[in-house]
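Okay, structure first, notes after.
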Amino acid sequence: MFDTALTLADLGFLAKGAAMTLAVTAVSVLAGTVLGVVFGVIRNQAGPYWSMPITFLLDIFRSVPLLIQLVLGNALQSILKLGWAPFTTSCVVLSLYTAAYCTEIVRGGISAVPATTRRAARSLGMTWWQDMRYIVAPLATRVSLPAWIGLTLGVMKDSALVLWLGLIELLRASQILVTRLQEPLFILLICGAIYFIISFPIARLGGYLERRWSND
Amino acid sequence: MFSYNFHWNQAFKALPQMLEGALVTLQIALLSMAIGLAVALALTLFRLSGNRILNGFATAWVEVARNTPALFQIYMAHFGLGNFGIHLSPYTALLVGIAFNNAGYLAENFRGALKAIPDTQTRAGRSLGMTPLQAFRYIVMPQMLRIAFLPATNQMVWAILMTSLGVTVGMNTDLAGVTQALNAVSFRTFEFFALAAVIYYVIAKAVTLAARLAATRMFRY
Amino acid sequence: MIEIENVRKSFGSLEVLKGINLTVQKGEVLTIIGGSGSGKSTLLTCINGLETIDGGRIVVDGTDVHAKATDLNKLRRKLGIVFQQFNAFPHLTVLENVMLAPVKVLGQSKAEAEAMAVKQLTHVGLGDKLKVYPNRMSGGQQQRMAIARALAMSPAYMLFDEVTSALDPQLVGEVLDTLRMLASEGMTMICVTHEMKFAREVSDRVAFFHKGVMAEIAPPEQLFGAPKDADLQTFLAATH
Ligand SMILES: Nc1ncnc2c1ncn2[C@@H]1O[C@H](COP(=O)(O)OP(=O)(O)OP(=O)(O)O)[C@@H](O)[C@H]1O
Ligand SMILES: [Mg+2]
């Protein structure tokens with residue numbers, strides 16, 4: 001097991017890959033969440049003229065493989081001569097992908113706030129915005145947080161697919177080492193362990209929050 | 001604004017080839033679900049067995065399946081097993097990888113479903129002289145499968161989407177693989193992949209609809 | 001015959017049964033009354049081996065229930081039990097609920113099991129509900145189905161644990177009538193119940209449990225008419 005050609009420099013290479021994975025994830029989840037909240041509120045509060053097309057469009061992102069979305073996004077930016085780097089393209093596509101799932105989570109969270117609670121708030125003279133800000137947002141956040149954590153981890157794992165556009169993230173970095181060192185199992189195990197170490201504790205935290213908050 | 005000429009005709013001409021690929025996609029998804037369901041049931045029994053080793057094995061499977069990328073799992077099947085002298089074809093590696101993933105997620109669904117079934121059901125079965133396995137088989141499992149049916153349908157859609165990852169290990173007969181091969185000779189990337197996206201979308205929606213219909217027929221109580 | 005000799009049972013540090021001695025003869029109807037937490041349910045689940053015991057022994061027709069060599073699955077065919085919660089199998093029709101164990105446990109043919117199931121369901125007044133799913137039925141009907149399900153195994157003994165406690169008041173009567181019918185047919189029964197009137201009518205003997213001890217056992221006239229135990233007197237005063 002320890003009889004390996006893997007050097008410290010190679011480990012550094014893997015770490016750089018992992019950093020890329022985290023960077024793509026962070027940007028996409030951030031942008032995707034902002035979009036998801038906006039779309040989620042619209043889906044929940046606006047009439048069918050607004051919410052139906054949004055629902056339909058976002059559903060496409062959940063029914064077409066991410067890999068195909070990445071290829072299409074890349075082709076589109078080249079057709080439109082946008083000149084985006086693979087990192088930008090990857091983040092844009094992943095953000096929309098994240099937004100599609102996040103919208104559903106936000107919508108679910110908002111509809112979990114009882115109508116009676118909201119009516120009570122409005123009866124106290126709160127404006128729509130105050131009701132949203134002080135009543136709905138805190139309650140909905142609590143309901144949605146476990147699912148949102150799950151989504152973040154999902155995006156982190158799915159971000160491996162950006163290797164198809166040439167980004168050297170964690171999995172691609174491992175693959176490069178495998179090709180060079182011809183020790184596929186050992187290197188892939190390290191790669192898997194890194195994913196696992198990032199994902200497992202956060203997944204546990206999500207499960208814990210879900211259990212704790214579903215009890216009261 | 002843009003000087004790009006779309007060549008949709010070329011893509012439509014390739015439609016029969018792509019539909020053949022879609023069949024392979026559906027085949028892998030269905031096979032991987034069948035294997036995944038069988039393994040998930042076994043893992044569930046392992047977890048219920050009270051045996052530490054079996055329980056640990058099942059838990060490890062579930063956690064690895066859920067906490068590493070599906071693409072990583074396919075790479076493990078394709079490259080990783082090479083260390084043991086096992087060299088899987090892209091088709092088999094893809095199938096093994098997705099089945100592994102399905103089994104983990106389905107086993108977790110089953111665990112959630114089991115929580116919703118009261119212990120008194122098993123007790124009632126045991127009181128009628130059933131063995132633990134009989135009580136599971138005839139009383140708990142049917143109820144568990146019903147509760148887990150909808151999440152399992154979602155997993156089936158995931159399985160369809162995951163088949164597209166085969167192209168990264170050289171798979172060229174499924175929808176993504178065929179599309180990529182066509183793209184490699186024509187360079188009409190957008191047209192071919194847009195058509196592929198539409199086909200994936202239709203398959204995903206058809207499967208969801210079929211599962212809903214099946215559910216209303218299967219679960220009458 | 002069910003022989004219970006000096007049975008002890010604890011859950012952790014809580015001693016729930018503190019040396020119970022009791023013999024139930026073939027054909028006898030014994031009812032058990034007593035306050036909440038006195039160990040009544042625990043005794044029933046010890047008799048059919050769903051719970052282990054910490055001391056003493058329980059012998060059913062010569063078989064020691066908790067002996068290592070005992071085939072509990074086989075023994076339980078003799079001991080029908082019905083619980084407070086109806087425990088209907090929701091995924092099966094009423095008929096299938098009753099047929100399941102005879103087919104899978106006794107190895108009866110479908111035809112044989114169906115004939116028996118129809119007979120027992122008709123007996124408890126559910127002959128017209130065969131193809132219905134349990135969640136379409138009232139609690140009283142579900143409880144009668146549970147009784148038919150136990151009877152379809154042709155048990156020698158029937159154990160009833162507060163089978164009317166989870167029912168709406170207007171549904172209690174139909175289930176008690178079913179129990180009365182069984183008693184009049186000579187079924188050997190142990191009934192845990194809070195229905196004093198019922199206990200008085202059908203029992204050969206009534207046992208009063210208090211804090212894990214069987215404080216008094218006597219024929220109903222005597223136990224209700226001239227209770228000796230002080231706790232029993234308090235208990236009866238409270239229930240009237
Ligand atoms: N599985 C268990 N684990 C721990 N304690 C238990 C368990 N089952 C019962 N007990 C405890 O044992 C005691 C006796 O319970 P049991 O159910 O036998 O009482 P009971 O006489 O049937 O009361 P009730 O009239 O409320 O049904 C109670 O204090 C109960 O909390
Ligand atoms: Mg009780």
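Residues in the structure tokens are numbered from 1 in each chain, the chains being A, B, ... in the order shown, and ligands are numbered from 1 in the order shown.
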
Kindly compile the residues surrounding ligand 1 within 6 Å, counting only C-alpha atoms and all ligand atoms, and format them as an MDAnalysis selection string.
chainID C and resid 11 16 35:42

Counting only C-alpha atoms, chain B residues within 9 Å of chain A, as number ranges by chain:
B: 1-4, 63-64, 66-73, 75-76, 79-84, 157-158, 160-165, 168, 176, 189-191, 193-194, 196-205

May I have the selected residues written with N, CA and C atoms, as a compact mmCIF listing (two decimals), in the first residue's frame?
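Output file again39.txt is given in full below:
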# COMPACT_ATOMS: atom_id res chain seq x y z
N MET B 1 -26.29 39.96 -35.28
CA MET B 1 -25.63 39.81 -33.98
C MET B 1 -24.75 38.57 -33.97
N PHE B 2 -25.34 37.41 -34.35
CA PHE B 2 -24.39 36.33 -34.51
C PHE B 2 -24.45 35.69 -35.89
N SER B 3 -23.28 35.28 -36.31
CA SER B 3 -23.11 34.84 -37.68
C SER B 3 -23.13 33.32 -37.78
N TYR B 4 -23.76 32.70 -36.76
CA TYR B 4 -23.72 31.25 -36.75
C TYR B 4 -24.91 30.69 -37.51
N GLU B 63 -23.09 5.08 2.79
CA GLU B 63 -22.44 6.37 2.99
C GLU B 63 -21.48 6.70 1.84
N VAL B 64 -20.77 5.70 1.33
CA VAL B 64 -19.87 5.97 0.20
C VAL B 64 -20.70 6.34 -1.03
N ARG B 66 -23.50 7.79 -1.16
CA ARG B 66 -24.15 9.09 -1.02
C ARG B 66 -23.16 10.24 -0.86
N ASN B 67 -21.92 9.93 -0.50
CA ASN B 67 -20.98 11.02 -0.20
C ASN B 67 -19.81 11.13 -1.17
N THR B 68 -19.88 10.41 -2.30
CA THR B 68 -18.89 10.61 -3.36
C THR B 68 -19.65 10.79 -4.68
N PRO B 69 -19.02 11.46 -5.65
CA PRO B 69 -19.72 11.70 -6.92
C PRO B 69 -20.02 10.40 -7.66
N ALA B 70 -21.14 10.38 -8.38
CA ALA B 70 -21.48 9.22 -9.19
C ALA B 70 -20.36 8.95 -10.21
N LEU B 71 -19.80 10.03 -10.74
CA LEU B 71 -18.74 9.87 -11.73
C LEU B 71 -17.53 9.18 -11.11
N PHE B 72 -17.25 9.50 -9.84
CA PHE B 72 -16.17 8.83 -9.12
C PHE B 72 -16.47 7.33 -9.02
N GLN B 73 -17.71 6.99 -8.72
CA GLN B 73 -18.08 5.58 -8.58
C GLN B 73 -17.91 4.84 -9.90
N TYR B 75 -15.75 5.74 -12.27
CA TYR B 75 -14.30 5.66 -12.46
C TYR B 75 -13.73 4.48 -11.66
N MET B 76 -14.21 4.33 -10.44
CA MET B 76 -13.73 3.21 -9.62
C MET B 76 -13.99 1.89 -10.34
N PHE B 79 -11.59 2.18 -13.79
CA PHE B 79 -10.14 2.19 -13.61
C PHE B 79 -9.70 1.46 -12.35
N GLY B 80 -10.43 1.69 -11.26
CA GLY B 80 -10.00 1.20 -9.95
C GLY B 80 -9.91 -0.31 -9.87
N LEU B 81 -10.91 -0.99 -10.44
CA LEU B 81 -10.92 -2.45 -10.35
C LEU B 81 -9.78 -3.06 -11.15
N GLY B 82 -9.16 -2.26 -12.02
CA GLY B 82 -8.03 -2.75 -12.80
C GLY B 82 -6.92 -3.31 -11.92
N ASN B 83 -6.77 -2.74 -10.73
CA ASN B 83 -5.75 -3.20 -9.78
C ASN B 83 -5.94 -4.67 -9.41
N PHE B 84 -7.18 -5.12 -9.46
CA PHE B 84 -7.46 -6.52 -9.12
C PHE B 84 -7.49 -7.38 -10.37
N VAL B 157 -35.14 8.38 -12.42
CA VAL B 157 -34.81 9.53 -13.27
C VAL B 157 -33.32 9.85 -13.14
N TRP B 158 -32.83 9.81 -11.89
CA TRP B 158 -31.39 10.02 -11.68
C TRP B 158 -30.57 9.00 -12.47
N ILE B 160 -31.30 7.51 -15.21
CA ILE B 160 -31.30 7.88 -16.63
C ILE B 160 -30.28 9.00 -16.87
N LEU B 161 -30.32 10.01 -16.00
CA LEU B 161 -29.38 11.13 -16.17
C LEU B 161 -27.93 10.66 -15.99
N MET B 162 -27.72 9.74 -15.06
CA MET B 162 -26.35 9.28 -14.79
C MET B 162 -25.76 8.49 -15.96
N THR B 163 -26.63 7.84 -16.76
CA THR B 163 -26.08 7.06 -17.88
C THR B 163 -25.23 7.93 -18.78
N SER B 164 -25.53 9.23 -18.84
CA SER B 164 -24.78 10.12 -19.73
C SER B 164 -23.30 10.19 -19.34
N LEU B 165 -22.99 9.81 -18.08
CA LEU B 165 -21.60 9.89 -17.63
C LEU B 165 -20.72 8.85 -18.31
N THR B 168 -17.67 9.61 -20.54
CA THR B 168 -16.35 9.96 -20.01
C THR B 168 -15.43 8.75 -19.85
N ALA B 176 -25.84 9.65 -24.93
CA ALA B 176 -24.75 10.62 -24.83
C ALA B 176 -23.56 10.18 -25.68
N THR B 189 -21.96 20.73 -32.59
CA THR B 189 -22.16 20.38 -31.18
C THR B 189 -23.54 20.80 -30.67
N PHE B 190 -23.87 22.07 -30.88
CA PHE B 190 -25.10 22.57 -30.27
C PHE B 190 -26.33 21.81 -30.77
N GLU B 191 -26.40 21.63 -32.10
CA GLU B 191 -27.58 20.98 -32.66
C GLU B 191 -27.75 19.56 -32.12
N PHE B 193 -26.43 18.09 -29.44
CA PHE B 193 -26.67 17.96 -27.99
C PHE B 193 -28.03 18.55 -27.58
N ALA B 194 -28.49 19.55 -28.33
CA ALA B 194 -29.83 20.07 -28.04
C ALA B 194 -30.87 18.99 -28.31
N ALA B 196 -30.33 15.79 -28.26
CA ALA B 196 -30.16 14.79 -27.20
C ALA B 196 -30.87 15.24 -25.92
N ALA B 197 -30.74 16.54 -25.61
CA ALA B 197 -31.38 17.06 -24.40
C ALA B 197 -32.89 16.86 -24.46
N VAL B 198 -33.46 17.13 -25.64
CA VAL B 198 -34.91 16.95 -25.80
C VAL B 198 -35.27 15.48 -25.57
N ILE B 199 -34.47 14.57 -26.12
CA ILE B 199 -34.78 13.14 -25.96
C ILE B 199 -34.69 12.74 -24.49
N TYR B 200 -33.62 13.20 -23.80
CA TYR B 200 -33.51 12.91 -22.37
C TYR B 200 -34.73 13.42 -21.62
N TYR B 201 -35.13 14.65 -21.95
CA TYR B 201 -36.26 15.26 -21.26
C TYR B 201 -37.52 14.41 -21.44
N VAL B 202 -37.74 13.99 -22.70
CA VAL B 202 -38.94 13.20 -22.98
C VAL B 202 -38.89 11.87 -22.22
N ILE B 203 -37.72 11.22 -22.23
CA ILE B 203 -37.62 9.94 -21.51
C ILE B 203 -37.91 10.14 -20.02
N ALA B 204 -37.28 11.17 -19.44
CA ALA B 204 -37.46 11.41 -18.01
C ALA B 204 -38.93 11.64 -17.67
N LYS B 205 -39.59 12.46 -18.49
CA LYS B 205 -41.01 12.75 -18.23
C LYS B 205 -41.86 11.50 -18.43

List every residue of range 96-206 of chain C that DSSP, applied to the backbone of this structure, places in helix (DSSP H, G or I), and write the result as a PyMOL selection string.
chain C and resi 96-104+110-123+134-136+139-151+169-184+196-202

What does the distance between CA of Leu128 in chain B and CA of Leu159 in chain C come to in Å, to one decimal place?
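The value is 12.1 Å.
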
Residues within 12 Å of ligand 2 should be enumerated using only C-alpha atoms and all ligand atoms and returned as a ChimeraX atom specification.
/C:16,32-45,82-85,160-166,191-194,209

Spatial neighbours of range 216-232 of chain C, max dist 12 Å, only C-alpha atoms, sep filter under 6 positions, as a PyMOL selection string
chain C and resi 20-24+28-35+38+196-210+238-240

I'd like to know which of B:Val62, B:Ala184, B:Leu19, B:Ala215 is closest to Asn101 in chain B, using only C-alpha atoms.
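Looking at the shortest contact to Asn101 in chain B, the residue is B:Val62.
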